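Everything below belongs to protein-v5.csv, which stores CSV, C-alpha atoms and all ligand atoms.
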```csv
chain,number,residue,atom,x,y,z
P,202,MET,CA,-26.4,-3.3,-1.1
P,203,ASN,CA,-29.9,-4.5,-1.0
P,204,ASN,CA,-29.4,-8.0,-2.5
P,205,ARG,CA,-26.5,-8.9,-0.3
P,206,ASN,CA,-26.7,-11.6,2.4
P,207,ILE,CA,-26.8,-10.6,6.1
P,208,VAL,CA,-23.9,-12.6,7.4
P,209,LEU,CA,-24.0,-11.2,10.9
P,210,GLU,CA,-27.0,-10.2,12.9
P,211,ALA,CA,-27.6,-9.2,16.5
P,212,ALA,CA,-31.1,-9.1,17.8
P,213,ARG,CA,-32.0,-7.3,21.0
P,214,LEU,CA,-28.8,-8.0,22.8
P,215,SER,CA,-28.7,-7.0,26.4
P,216,LYS,CA,-25.8,-7.4,28.9
P,217,SER,CA,-25.3,-6.1,32.4
P,218,PHE,CA,-22.4,-6.5,34.8
P,219,PRO,CA,-22.3,-6.0,38.5
P,220,SER,CA,-21.4,-2.4,39.1
P,221,LYS,CA,-18.0,-1.5,40.5
P,222,ALA,CA,-19.4,-0.4,43.8
P,223,GLY,CA,-21.1,-3.7,44.0
P,224,THR,CA,-24.4,-2.1,44.7
P,225,GLY,CA,-26.3,-2.8,41.5
P,226,MET,CA,-25.9,-3.6,37.8
P,227,LEU,CA,-24.2,-1.7,35.1
P,228,GLU,CA,-26.2,-2.0,31.9
P,229,VAL,CA,-23.7,-2.2,29.0
P,230,LEU,CA,-25.9,-3.3,26.2
P,231,ASN,CA,-29.6,-2.5,26.0
P,232,LYS,CA,-31.5,-4.4,23.3
P,233,VAL,CA,-28.9,-3.8,20.7
P,234,ASP,CA,-29.7,-4.7,17.1
P,235,LEU,CA,-27.1,-4.9,14.3
P,236,GLN,CA,-27.0,-6.3,10.8
P,237,VAL,CA,-23.9,-6.6,8.7
P,238,GLN,CA,-24.0,-7.6,5.0
P,239,ASP,CA,-21.3,-9.6,3.2
P,240,SER,CA,-18.2,-7.5,2.3
P,241,GLU,CA,-19.5,-4.7,4.4
P,242,ILE,CA,-17.2,-3.0,7.0
P,243,THR,CA,-19.1,-1.7,10.0
P,244,ALA,CA,-17.2,0.4,12.5
P,245,VAL,CA,-18.2,0.8,16.1
P,246,ILE,CA,-16.9,3.8,17.9
P,247,GLY,CA,-17.6,4.9,21.5
P,248,SER,CA,-15.9,6.2,24.6
P,249,SER,CA,-13.8,3.9,26.8
P,250,GLY,CA,-16.1,1.7,28.9
P,251,SER,CA,-19.1,2.1,26.6
P,252,GLY,CA,-19.2,-1.6,25.9
P,253,LYS,CA,-17.5,-2.0,22.5
P,254,SER,CA,-15.4,-5.0,23.5
P,255,THR,CA,-18.4,-6.6,25.3
P,256,LEU,CA,-20.4,-6.3,22.1
P,257,LEU,CA,-17.7,-7.7,19.9
P,258,HIS,CA,-17.1,-10.7,22.3
P,259,ILE,CA,-20.9,-11.5,22.2
P,260,LEU,CA,-21.0,-11.1,18.4
P,261,GLY,CA,-18.2,-13.7,18.2
P,262,GLY,CA,-19.8,-16.0,20.7
P,263,LEU,CA,-16.9,-15.6,23.2
P,264,ASP,CA,-19.4,-14.2,25.8
P,265,HIS,CA,-23.1,-14.8,26.3
P,266,PRO,CA,-25.7,-12.0,26.4
P,267,ASP,CA,-28.2,-11.9,29.2
P,268,SER,CA,-30.9,-11.9,26.5
P,269,GLY,CA,-31.0,-11.6,22.7
P,270,GLU,CA,-29.5,-13.7,20.0
P,271,VAL,CA,-26.6,-13.5,17.5
P,272,TYR,CA,-26.9,-15.0,14.0
P,273,TRP,CA,-24.0,-16.1,11.8
P,274,ASN,CA,-25.3,-16.6,8.3
P,275,GLU,CA,-28.8,-16.6,9.7
P,276,ILE,CA,-28.2,-19.4,12.2
P,277,PRO,CA,-28.7,-18.6,15.9
P,278,ILE,CA,-25.4,-19.3,17.6
P,279,PHE,CA,-26.4,-19.4,21.3
P,280,LYS,CA,-28.7,-22.4,20.6
P,281,TRP,CA,-25.5,-24.4,19.9
P,282,LYS,CA,-23.8,-26.4,22.6
P,283,GLN,CA,-20.4,-25.0,23.6
P,284,ASP,CA,-18.2,-27.3,21.5
P,285,LYS,CA,-20.3,-26.8,18.4
P,286,LEU,CA,-20.1,-23.1,18.9
P,287,ALA,CA,-16.3,-23.3,19.2
P,288,GLU,CA,-16.1,-25.4,16.1
P,289,GLU,CA,-18.3,-23.0,14.1
P,290,ARG,CA,-16.5,-20.0,15.4
P,291,ASN,CA,-13.2,-21.4,14.2
P,292,ARG,CA,-14.6,-21.8,10.7
P,293,GLN,CA,-16.9,-18.8,10.3
P,294,VAL,CA,-15.3,-16.0,12.4
P,295,GLY,CA,-11.8,-14.5,12.5
P,296,PHE,CA,-10.6,-12.3,15.4
P,297,VAL,CA,-8.1,-9.6,15.4
P,298,PHE,CA,-7.3,-7.9,18.7
P,299,GLN,CA,-5.2,-4.9,19.6
P,300,PHE,CA,-2.5,-7.1,21.0
P,301,HIS,CA,-2.1,-9.8,18.4
P,302,HIS,CA,-2.1,-12.9,20.7
P,303,LEU,CA,0.2,-14.8,18.4
P,304,LEU,CA,1.8,-17.9,19.9
P,305,PRO,CA,5.4,-16.9,20.7
P,306,GLU,CA,7.1,-20.3,20.2
P,307,PHE,CA,5.7,-20.7,16.6
P,308,THR,CA,6.7,-19.0,13.3
P,309,ALA,CA,4.5,-16.6,11.5
P,310,LEU,CA,3.6,-19.4,9.0
P,311,GLU,CA,2.7,-21.8,11.8
P,312,ASN,CA,0.6,-19.2,13.7
P,313,VAL,CA,-1.4,-18.6,10.5
P,314,TYR,CA,-2.0,-22.2,9.6
P,315,MET,CA,-2.9,-23.4,13.1
P,316,PRO,CA,-6.7,-22.6,12.8
P,317,GLY,CA,-6.6,-24.6,9.5
P,318,LEU,CA,-5.1,-27.7,11.3
P,319,ILE,CA,-7.7,-27.3,14.0
P,320,ALA,CA,-10.4,-27.3,11.4
P,321,GLY,CA,-9.0,-30.5,9.9
P,322,LEU,CA,-7.2,-29.2,6.9
P,323,PRO,CA,-4.2,-31.4,5.8
P,324,VAL,CA,-0.9,-29.8,6.7
P,325,LYS,CA,0.3,-29.2,3.1
P,326,GLU,CA,-2.9,-27.5,2.2
P,327,ALA,CA,-2.9,-25.4,5.4
P,328,GLU,CA,0.7,-24.4,4.7
P,329,HIS,CA,-0.1,-23.5,1.2
P,330,ARG,CA,-3.0,-21.2,2.1
P,331,ALA,CA,-1.1,-19.7,5.0
P,332,ALA,CA,1.9,-18.8,2.7
P,333,SER,CA,-0.4,-17.3,0.1
P,334,LEU,CA,-2.2,-15.2,2.8
P,335,LEU,CA,1.1,-13.9,4.2
P,336,ASP,CA,2.3,-13.2,0.7
P,337,ARG,CA,-0.9,-11.2,0.0
P,338,LEU,CA,-0.2,-9.2,3.1
P,339,GLY,CA,3.3,-8.4,2.0
P,340,MET,CA,4.9,-10.8,4.5
P,341,SER,CA,6.4,-13.5,2.2
P,342,GLU,CA,9.9,-12.7,3.5
P,343,ARG,CA,8.9,-13.1,7.1
P,344,THR,CA,7.1,-16.5,7.2
P,345,GLU,CA,9.8,-18.2,9.3
P,346,HIS,CA,10.2,-15.5,11.9
P,347,ARG,CA,8.8,-15.8,15.3
P,348,PRO,CA,6.5,-13.0,16.7
P,349,SER,CA,9.3,-11.5,18.8
P,350,GLN,CA,11.4,-11.1,15.6
P,351,LEU,CA,8.6,-9.1,13.9
P,352,SER,CA,7.6,-5.4,14.2
P,353,GLY,CA,4.2,-4.5,15.7
P,354,GLY,CA,2.7,-3.8,12.2
P,355,GLU,CA,4.1,-7.1,10.9
P,356,GLN,CA,2.7,-9.0,13.9
P,357,GLN,CA,-0.7,-7.5,13.2
P,358,ARG,CA,-0.5,-8.6,9.6
P,359,VAL,CA,0.2,-12.1,10.7
P,360,ALA,CA,-2.8,-11.9,13.0
P,361,ILE,CA,-4.9,-10.8,10.1
P,362,ALA,CA,-3.7,-13.6,7.9
P,363,ARG,CA,-4.5,-16.0,10.8
P,364,ALA,CA,-8.0,-14.6,11.1
P,365,LEU,CA,-8.5,-15.2,7.4
P,366,MET,CA,-7.1,-18.8,7.4
P,367,ASN,CA,-10.4,-20.7,7.4
P,368,ASN,CA,-12.1,-18.4,4.9
P,369,PRO,CA,-14.4,-16.9,7.5
P,370,SER,CA,-17.4,-14.9,6.4
P,371,ILE,CA,-16.9,-12.5,9.4
P,372,ILE,CA,-13.9,-10.7,10.8
P,373,LEU,CA,-14.3,-9.1,14.2
P,374,ALA,CA,-11.5,-6.7,15.0
P,375,ASP,CA,-11.1,-4.9,18.4
P,376,GLU,CA,-8.8,-1.8,17.9
P,377,PRO,CA,-6.6,-3.7,15.4
P,378,THR,CA,-4.5,-0.6,14.9
P,379,GLY,CA,-4.7,0.7,18.5
P,380,ASN,CA,-1.1,-0.3,19.1
P,381,LEU,CA,0.4,1.0,15.8
P,382,ASP,CA,1.8,4.3,14.5
P,383,GLU,CA,0.1,6.2,11.8
P,384,LYS,CA,2.0,4.6,8.9
P,385,ASN,CA,1.3,1.1,10.0
P,386,THR,CA,-2.3,2.0,10.9
P,387,ASP,CA,-2.7,3.1,7.3
P,388,ILE,CA,-1.1,-0.1,5.9
P,389,ILE,CA,-3.4,-2.4,8.0
P,390,LEU,CA,-6.5,-0.4,7.3
P,391,ASN,CA,-5.8,-0.4,3.5
P,392,GLN,CA,-5.3,-4.2,3.7
P,393,LEU,CA,-8.5,-4.8,5.6
P,394,ILE,CA,-10.5,-2.7,3.1
P,395,GLU,CA,-8.9,-4.6,0.2
P,396,LEU,CA,-9.5,-8.0,1.8
P,397,ARG,CA,-13.2,-7.5,2.3
P,398,GLU,CA,-13.5,-7.5,-1.5
P,399,THR,CA,-10.9,-10.2,-2.4
P,400,GLU,CA,-12.0,-12.5,0.5
P,401,GLN,CA,-15.7,-11.5,0.5
P,402,VAL,CA,-15.5,-11.1,4.2
P,403,ALA,CA,-17.7,-8.8,6.4
P,404,MET,CA,-16.0,-7.0,9.2
P,405,VAL,CA,-16.9,-5.3,12.5
P,406,LEU,CA,-14.1,-3.0,13.4
P,407,ILE,CA,-13.9,-1.3,16.8
P,408,THR,CA,-11.9,1.8,16.9
P,409,HIS,CA,-11.7,5.0,18.9
P,410,GLU,CA,-10.3,6.9,15.9
P,411,LYS,CA,-12.9,8.7,13.9
P,412,ASP,CA,-10.6,9.0,10.9
P,413,ILE,CA,-10.5,5.2,10.6
P,414,ALA,CA,-14.2,4.9,11.1
P,415,THR,CA,-15.1,7.3,8.3
P,416,ARG,CA,-13.2,5.0,5.9
P,417,CYS,CA,-15.6,2.1,6.7
P,418,ASP,CA,-19.0,1.6,5.2
P,419,THR,CA,-21.3,2.1,8.1
P,420,VAL,CA,-20.4,3.6,11.5
P,421,TYR,CA,-22.3,3.3,14.7
P,422,GLU,CA,-21.5,5.0,18.0
P,423,LEU,CA,-22.2,2.9,21.1
P,424,LYS,CA,-23.6,5.1,23.8
P,425,GLN,CA,-25.6,4.3,26.9
P,426,GLY,CA,-26.2,0.7,25.8
P,427,LYS,CA,-27.5,1.6,22.3
P,428,LEU,CA,-26.0,1.8,18.8
P,429,HIS,CA,-26.6,5.1,17.2
P,430,LEU,CA,-26.0,5.5,13.4
P,431,TYR,CA,-23.1,7.8,12.9
P,432,GLN,CA,-22.5,7.4,9.2
P,433,GLU,CA,-24.6,5.6,6.7
P,434,ALA,CA,-23.5,2.9,4.2
P,435,HIS,CA,-22.3,4.5,1.0
X,1,LIG,N1,-16.4,-9.3,33.1
X,1,LIG,C1,-16.8,-8.1,33.5
X,1,LIG,N2,-17.2,-7.9,34.8
X,1,LIG,C2,-17.6,-6.7,35.3
X,1,LIG,N3,-17.7,-5.6,34.5
X,1,LIG,C3,-17.2,-5.7,33.2
X,1,LIG,C4,-16.8,-7.0,32.7
X,1,LIG,N4,-16.4,-6.8,31.4
X,1,LIG,C5,-16.7,-5.4,31.1
X,1,LIG,N5,-17.1,-4.8,32.2
X,1,LIG,C6,-17.5,-3.4,32.3
X,1,LIG,O1,-18.4,-3.1,31.3
X,1,LIG,C7,-18.1,-1.8,30.7
X,1,LIG,C8,-17.8,-2.0,29.2
X,1,LIG,O2,-16.6,-2.6,29.1
X,1,LIG,P1,-15.9,-2.8,27.6
X,1,LIG,O3,-14.6,-3.5,27.8
X,1,LIG,O4,-16.9,-3.5,26.7
X,1,LIG,O5,-15.7,-1.3,27.2
X,1,LIG,P2,-15.0,-0.7,25.8
X,1,LIG,O6,-16.0,0.2,25.2
X,1,LIG,O7,-14.4,-1.8,25.1
X,1,LIG,O8,-13.8,0.2,26.5
X,1,LIG,P3,-12.4,0.5,25.9
X,1,LIG,O9,-12.5,1.5,24.8
X,1,LIG,O10,-11.6,1.0,27.1
X,1,LIG,O11,-11.8,-0.8,25.4
X,1,LIG,C9,-17.0,-1.3,31.5
X,1,LIG,O12,-17.5,-0.4,32.5
X,1,LIG,C10,-16.3,-2.5,32.2
X,1,LIG,O13,-15.7,-2.2,33.4
X,2,MG,MG,-12.5,-2.4,24.6
```

Entire entry expressed as structure tokens:
Amino acid sequence: MNNRNIVLEAARLSKSFPSKAGTGMLEVLNKVDLQVQDSEITAVIGSSGSGKSTLLHILGGLDHPDSGEVYWNEIPIFKWKQDKLAEERNRQVGFVFQFHHLLPEFTALENVYMPGLIAGLPVKEAEHRAASLLDRLGMSERTEHRPSQLSGGEQQRVAIARALMNNPSIILADEPTGNLDEKNTDIILNQLIELRETEQVAMVLITHEKDIATRCDTVYELKQGKLHLYQEAH
């Protein structure tokens, strides 16, 4: 993997929140470093409350660290103004959450092509790419359904297609299978693993299931504000 590009990098990220008792600060991230190469799937495991979601939000520029920097394709993202950061995020990063956050009043196809329209893609082109992504995820029969008419696994596939819409170089997924049964977890996981090659996308995948983590390339455990290597790239 030595000649691959580093598409996502975190350098000395620190983040604290006021502690629940209100008496001091809770240090969630303590000078965390992370590098992810293109087409690499990095899993982050850790107990509830260890800071996994906080880390993912900062990697995606949804939240700011107290100190440290995040780089997307070697560019420091917290140097950008808020609107530039939002625009770059829409193009470079796709998010998949445990609960899909699809827009209920729109069809699967419309949910998928929305980020394309926001990025300025003509409607026809956006529709075409959205349909082809849904097809690749085995959802070609479901493009006109609304989220409420889809199963949990199908909704999550729509969310993955939406995350891929603008050809991002990074997918950030927070417990993407946390809400699914074993069979659907397997389907989604296989699709994510396949997509990182076909779409050349790097992923950071948060999971509490060690079985899932061991199917990823590199696994870290987040513990007491630090990332500990749990499984090396193979
Ligand atoms: N906005 C906030 N204000 C105060 N405390 C926060 C905030 N966001 C997170 N925390 C605290 O920071 C810690 C880490 O939270 P985080 O959501 O990152 O954990 P997590 O590892 O994702 O947990 P889970 O596995 O349950 O999703 C928790 O103790 C949480 O209560
Ligand atoms: Mg979380």

Write as a PDB file with C-alpha atoms, in the frame of the given file the residues around ligand LIG 1 (chain X), taking 6 Å as the cut-off and counting all atoms listed in the file.
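Okay, result-v9.pdb is ready:
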```pdb
ATOM      1  CA  PHE P 218     -22.400  -6.500  34.800  1.00  0.00           C
ATOM      2  CA  PRO P 219     -22.300  -6.000  38.500  1.00  0.00           C
ATOM      3  CA  VAL P 229     -23.700  -2.200  29.000  1.00  0.00           C
ATOM      4  CA  SER P 248     -15.900   6.200  24.600  1.00  0.00           C
ATOM      5  CA  SER P 249     -13.800   3.900  26.800  1.00  0.00           C
ATOM      6  CA  GLY P 250     -16.100   1.700  28.900  1.00  0.00           C
ATOM      7  CA  SER P 251     -19.100   2.100  26.600  1.00  0.00           C
ATOM      8  CA  GLY P 252     -19.200  -1.600  25.900  1.00  0.00           C
ATOM      9  CA  LYS P 253     -17.500  -2.000  22.500  1.00  0.00           C
ATOM     10  CA  SER P 254     -15.400  -5.000  23.500  1.00  0.00           C
ATOM     11  CA  THR P 255     -18.400  -6.600  25.300  1.00  0.00           C
TER      12      THR P 255
END
```

Quick one: contact table of chain P to ligand MG 2 (chain X), 12 Å max, nearest atom pair and distance in Å to one decimal per residue, counting all atoms listed in the file, chain and number order, as a tab-separated table?
```
residue	atom	partner	partner_atom	distance
P:Val245	CA	X:MG2	MG	10.7
P:Ile246	CA	X:MG2	MG	10.1
P:Gly247	CA	X:MG2	MG	9.4
P:Ser248	CA	X:MG2	MG	9.2
P:Ser249	CA	X:MG2	MG	6.8
P:Gly250	CA	X:MG2	MG	6.9
P:Ser251	CA	X:MG2	MG	8.2
P:Gly252	CA	X:MG2	MG	6.9
P:Lys253	CA	X:MG2	MG	5.4
P:Ser254	CA	X:MG2	MG	4.0
P:Thr255	CA	X:MG2	MG	7.3
P:Leu256	CA	X:MG2	MG	9.2
P:Leu257	CA	X:MG2	MG	8.8
P:His258	CA	X:MG2	MG	9.8
P:Phe298	CA	X:MG2	MG	9.6
P:Gln299	CA	X:MG2	MG	9.2
P:Phe300	CA	X:MG2	MG	11.6
P:Ala374	CA	X:MG2	MG	10.6
P:Asp375	CA	X:MG2	MG	6.8
P:Glu376	CA	X:MG2	MG	7.7
P:Pro377	CA	X:MG2	MG	11.0
P:Gly379	CA	X:MG2	MG	10.4
P:Leu406	CA	X:MG2	MG	11.3
P:Ile407	CA	X:MG2	MG	8.0
P:Thr408	CA	X:MG2	MG	8.8
P:His409	CA	X:MG2	MG	9.4
P:Leu423	CA	X:MG2	MG	11.6
```

Go through P:Leu304, P:Ile389, P:Val237, P:Leu396 and flag the residue nearest Thr419 (chain P), using only C-alpha atoms for the distances.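 Smallest distance to Thr419 (chain P) is found for P:Val237.
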
Near-Val271 (chain P) list (6 Å; only C-alpha atoms; drop same-chain fewer than 5 positions) as a PyMOL selection string: chain P and resi 210-211+277-278

Find, counting only C-alpha atoms, the residue in P:Leu390, P:Met366, P:Val405, P:Ile207 that gets nearest to His329 (chain P).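 Distance minimum relative to His329 (chain P) lands on P:Met366.
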
As an exercise, work out the distance from CA of Gly426 (chain P) to CA of Asn231 (chain P) in Å and give it to one decimal place.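 A separation of 4.7 Å between them.
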
Quick one: region 301-338 of chain P with N, CA and C atoms, as a PDB file, in the first residue's frame?
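Saved file part_37.pdb follows:
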```pdb
ATOM      1  N   HIS P 301     -30.627   6.119   8.758  1.00  0.00           N
ATOM      2  CA  HIS P 301     -30.215   6.578   7.436  1.00  0.00           C
ATOM      3  C   HIS P 301     -30.372   8.067   7.168  1.00  0.00           C
ATOM      4  N   HIS P 302     -31.264   8.778   7.870  1.00  0.00           N
ATOM      5  CA  HIS P 302     -31.510  10.201   7.600  1.00  0.00           C
ATOM      6  C   HIS P 302     -31.941  10.470   6.163  1.00  0.00           C
ATOM      7  N   LEU P 303     -32.713   9.560   5.570  1.00  0.00           N
ATOM      8  CA  LEU P 303     -33.248   9.853   4.239  1.00  0.00           C
ATOM      9  C   LEU P 303     -34.410  10.833   4.389  1.00  0.00           C
ATOM     10  N   LEU P 304     -34.666  11.605   3.327  1.00  0.00           N
ATOM     11  CA  LEU P 304     -35.775  12.557   3.383  1.00  0.00           C
ATOM     12  C   LEU P 304     -37.065  11.802   3.074  1.00  0.00           C
ATOM     13  N   PRO P 305     -38.024  11.790   4.023  1.00  0.00           N
ATOM     14  CA  PRO P 305     -39.194  10.913   3.907  1.00  0.00           C
ATOM     15  C   PRO P 305     -40.106  11.243   2.728  1.00  0.00           C
ATOM     16  N   GLU P 306     -40.135  12.508   2.315  1.00  0.00           N
ATOM     17  CA  GLU P 306     -41.091  12.882   1.265  1.00  0.00           C
ATOM     18  C   GLU P 306     -40.547  12.670  -0.148  1.00  0.00           C
ATOM     19  N   PHE P 307     -39.300  12.215  -0.247  1.00  0.00           N
ATOM     20  CA  PHE P 307     -38.692  11.994  -1.561  1.00  0.00           C
ATOM     21  C   PHE P 307     -38.493  10.505  -1.836  1.00  0.00           C
ATOM     22  N   THR P 308     -38.464  10.155  -3.122  1.00  0.00           N
ATOM     23  CA  THR P 308     -38.240   8.752  -3.504  1.00  0.00           C
ATOM     24  C   THR P 308     -36.772   8.394  -3.277  1.00  0.00           C
ATOM     25  N   ALA P 309     -36.500   7.089  -3.376  1.00  0.00           N
ATOM     26  CA  ALA P 309     -35.119   6.614  -3.245  1.00  0.00           C
ATOM     27  C   ALA P 309     -34.225   7.334  -4.256  1.00  0.00           C
ATOM     28  N   LEU P 310     -34.678   7.377  -5.512  1.00  0.00           N
ATOM     29  CA  LEU P 310     -33.878   8.013  -6.567  1.00  0.00           C
ATOM     30  C   LEU P 310     -33.606   9.486  -6.238  1.00  0.00           C
ATOM     31  N   GLU P 311     -34.638  10.188  -5.800  1.00  0.00           N
ATOM     32  CA  GLU P 311     -34.471  11.617  -5.480  1.00  0.00           C
ATOM     33  C   GLU P 311     -33.534  11.816  -4.293  1.00  0.00           C
ATOM     34  N   ASN P 312     -33.656  10.948  -3.285  1.00  0.00           N
ATOM     35  CA  ASN P 312     -32.741  11.036  -2.142  1.00  0.00           C
ATOM     36  C   ASN P 312     -31.299  10.874  -2.587  1.00  0.00           C
ATOM     37  N   VAL P 313     -31.079   9.949  -3.523  1.00  0.00           N
ATOM     38  CA  VAL P 313     -29.711   9.679  -3.972  1.00  0.00           C
ATOM     39  C   VAL P 313     -29.169  10.836  -4.809  1.00  0.00           C
ATOM     40  N   TYR P 314     -30.008  11.415  -5.693  1.00  0.00           N
ATOM     41  CA  TYR P 314     -29.414  12.434  -6.583  1.00  0.00           C
ATOM     42  C   TYR P 314     -29.356  13.841  -5.978  1.00  0.00           C
ATOM     43  N   MET P 315     -30.031  14.032  -4.832  1.00  0.00           N
ATOM     44  CA  MET P 315     -30.036  15.351  -4.186  1.00  0.00           C
ATOM     45  C   MET P 315     -28.638  15.963  -4.008  1.00  0.00           C
ATOM     46  N   PRO P 316     -27.657  15.235  -3.437  1.00  0.00           N
ATOM     47  CA  PRO P 316     -26.328  15.846  -3.285  1.00  0.00           C
ATOM     48  C   PRO P 316     -25.699  16.221  -4.627  1.00  0.00           C
ATOM     49  N   GLY P 317     -26.090  15.522  -5.696  1.00  0.00           N
ATOM     50  CA  GLY P 317     -25.595  15.850  -7.032  1.00  0.00           C
ATOM     51  C   GLY P 317     -26.143  17.194  -7.495  1.00  0.00           C
ATOM     52  N   LEU P 318     -27.439  17.402  -7.256  1.00  0.00           N
ATOM     53  CA  LEU P 318     -28.052  18.684  -7.640  1.00  0.00           C
ATOM     54  C   LEU P 318     -27.420  19.823  -6.853  1.00  0.00           C
ATOM     55  N   ILE P 319     -27.188  19.579  -5.550  1.00  0.00           N
ATOM     56  CA  ILE P 319     -26.572  20.614  -4.699  1.00  0.00           C
ATOM     57  C   ILE P 319     -25.177  20.957  -5.227  1.00  0.00           C
ATOM     58  N   ALA P 320     -24.484  19.948  -5.765  1.00  0.00           N
ATOM     59  CA  ALA P 320     -23.132  20.178  -6.302  1.00  0.00           C
ATOM     60  C   ALA P 320     -23.179  20.781  -7.707  1.00  0.00           C
ATOM     61  N   GLY P 321     -24.380  20.985  -8.258  1.00  0.00           N
ATOM     62  CA  GLY P 321     -24.501  21.672  -9.543  1.00  0.00           C
ATOM     63  C   GLY P 321     -24.588  20.758 -10.751  1.00  0.00           C
ATOM     64  N   LEU P 322     -24.816  19.475 -10.524  1.00  0.00           N
ATOM     65  CA  LEU P 322     -24.953  18.534 -11.642  1.00  0.00           C
ATOM     66  C   LEU P 322     -26.314  18.755 -12.316  1.00  0.00           C
ATOM     67  N   PRO P 323     -26.355  18.713 -13.663  1.00  0.00           N
ATOM     68  CA  PRO P 323     -27.657  18.811 -14.328  1.00  0.00           C
ATOM     69  C   PRO P 323     -28.557  17.635 -13.914  1.00  0.00           C
ATOM     70  N   VAL P 324     -29.886  17.881 -13.855  1.00  0.00           N
ATOM     71  CA  VAL P 324     -30.832  16.878 -13.338  1.00  0.00           C
ATOM     72  C   VAL P 324     -30.684  15.533 -14.048  1.00  0.00           C
ATOM     73  N   LYS P 325     -30.626  15.571 -15.381  1.00  0.00           N
ATOM     74  CA  LYS P 325     -30.567  14.307 -16.149  1.00  0.00           C
ATOM     75  C   LYS P 325     -29.339  13.481 -15.767  1.00  0.00           C
ATOM     76  N   GLU P 326     -28.218  14.169 -15.669  1.00  0.00           N
ATOM     77  CA  GLU P 326     -26.963  13.500 -15.316  1.00  0.00           C
ATOM     78  C   GLU P 326     -27.033  12.922 -13.900  1.00  0.00           C
ATOM     79  N   ALA P 327     -27.595  13.714 -13.001  1.00  0.00           N
ATOM     80  CA  ALA P 327     -27.724  13.286 -11.599  1.00  0.00           C
ATOM     81  C   ALA P 327     -28.626  12.061 -11.515  1.00  0.00           C
ATOM     82  N   GLU P 328     -29.742  12.107 -12.242  1.00  0.00           N
ATOM     83  CA  GLU P 328     -30.684  10.977 -12.252  1.00  0.00           C
ATOM     84  C   GLU P 328     -30.009   9.722 -12.775  1.00  0.00           C
ATOM     85  N   HIS P 329     -29.239   9.889 -13.808  1.00  0.00           N
ATOM     86  CA  HIS P 329     -28.564   8.769 -14.450  1.00  0.00           C
ATOM     87  C   HIS P 329     -27.573   8.107 -13.486  1.00  0.00           C
ATOM     88  N   ARG P 330     -26.766   8.935 -12.831  1.00  0.00           N
ATOM     89  CA  ARG P 330     -25.783   8.371 -11.883  1.00  0.00           C
ATOM     90  C   ARG P 330     -26.494   7.728 -10.690  1.00  0.00           C
ATOM     91  N   ALA P 331     -27.540   8.386 -10.203  1.00  0.00           N
ATOM     92  CA  ALA P 331     -28.272   7.850  -9.045  1.00  0.00           C
ATOM     93  C   ALA P 331     -28.867   6.487  -9.396  1.00  0.00           C
ATOM     94  N   ALA P 332     -29.449   6.386 -10.593  1.00  0.00           N
ATOM     95  CA  ALA P 332     -30.068   5.125 -11.000  1.00  0.00           C
ATOM     96  C   ALA P 332     -29.001   4.043 -11.112  1.00  0.00           C
ATOM     97  N   SER P 333     -27.833   4.398 -11.633  1.00  0.00           N
ATOM     98  CA  SER P 333     -26.802   3.381 -11.806  1.00  0.00           C
ATOM     99  C   SER P 333     -26.227   2.941 -10.445  1.00  0.00           C
ATOM    100  N   LEU P 334     -26.130   3.871  -9.500  1.00  0.00           N
ATOM    101  CA  LEU P 334     -25.674   3.488  -8.152  1.00  0.00           C
ATOM    102  C   LEU P 334     -26.686   2.573  -7.473  1.00  0.00           C
ATOM    103  N   LEU P 335     -27.962   2.915  -7.590  1.00  0.00           N
ATOM    104  CA  LEU P 335     -29.003   2.086  -6.975  1.00  0.00           C
ATOM    105  C   LEU P 335     -29.014   0.699  -7.612  1.00  0.00           C
ATOM    106  N   ASP P 336     -28.791   0.665  -8.916  1.00  0.00           N
ATOM    107  CA  ASP P 336     -28.730  -0.604  -9.633  1.00  0.00           C
ATOM    108  C   ASP P 336     -27.581  -1.457  -9.091  1.00  0.00           C
ATOM    109  N   ARG P 337     -26.414  -0.808  -8.921  1.00  0.00           N
ATOM    110  CA  ARG P 337     -25.241  -1.526  -8.435  1.00  0.00           C
ATOM    111  C   ARG P 337     -25.453  -2.080  -7.021  1.00  0.00           C
ATOM    112  N   LEU P 338     -26.319  -1.423  -6.269  1.00  0.00           N
ATOM    113  CA  LEU P 338     -26.603  -1.885  -4.912  1.00  0.00           C
ATOM    114  C   LEU P 338     -27.834  -2.798  -4.871  1.00  0.00           C
TER     115      LEU P 338
END
```
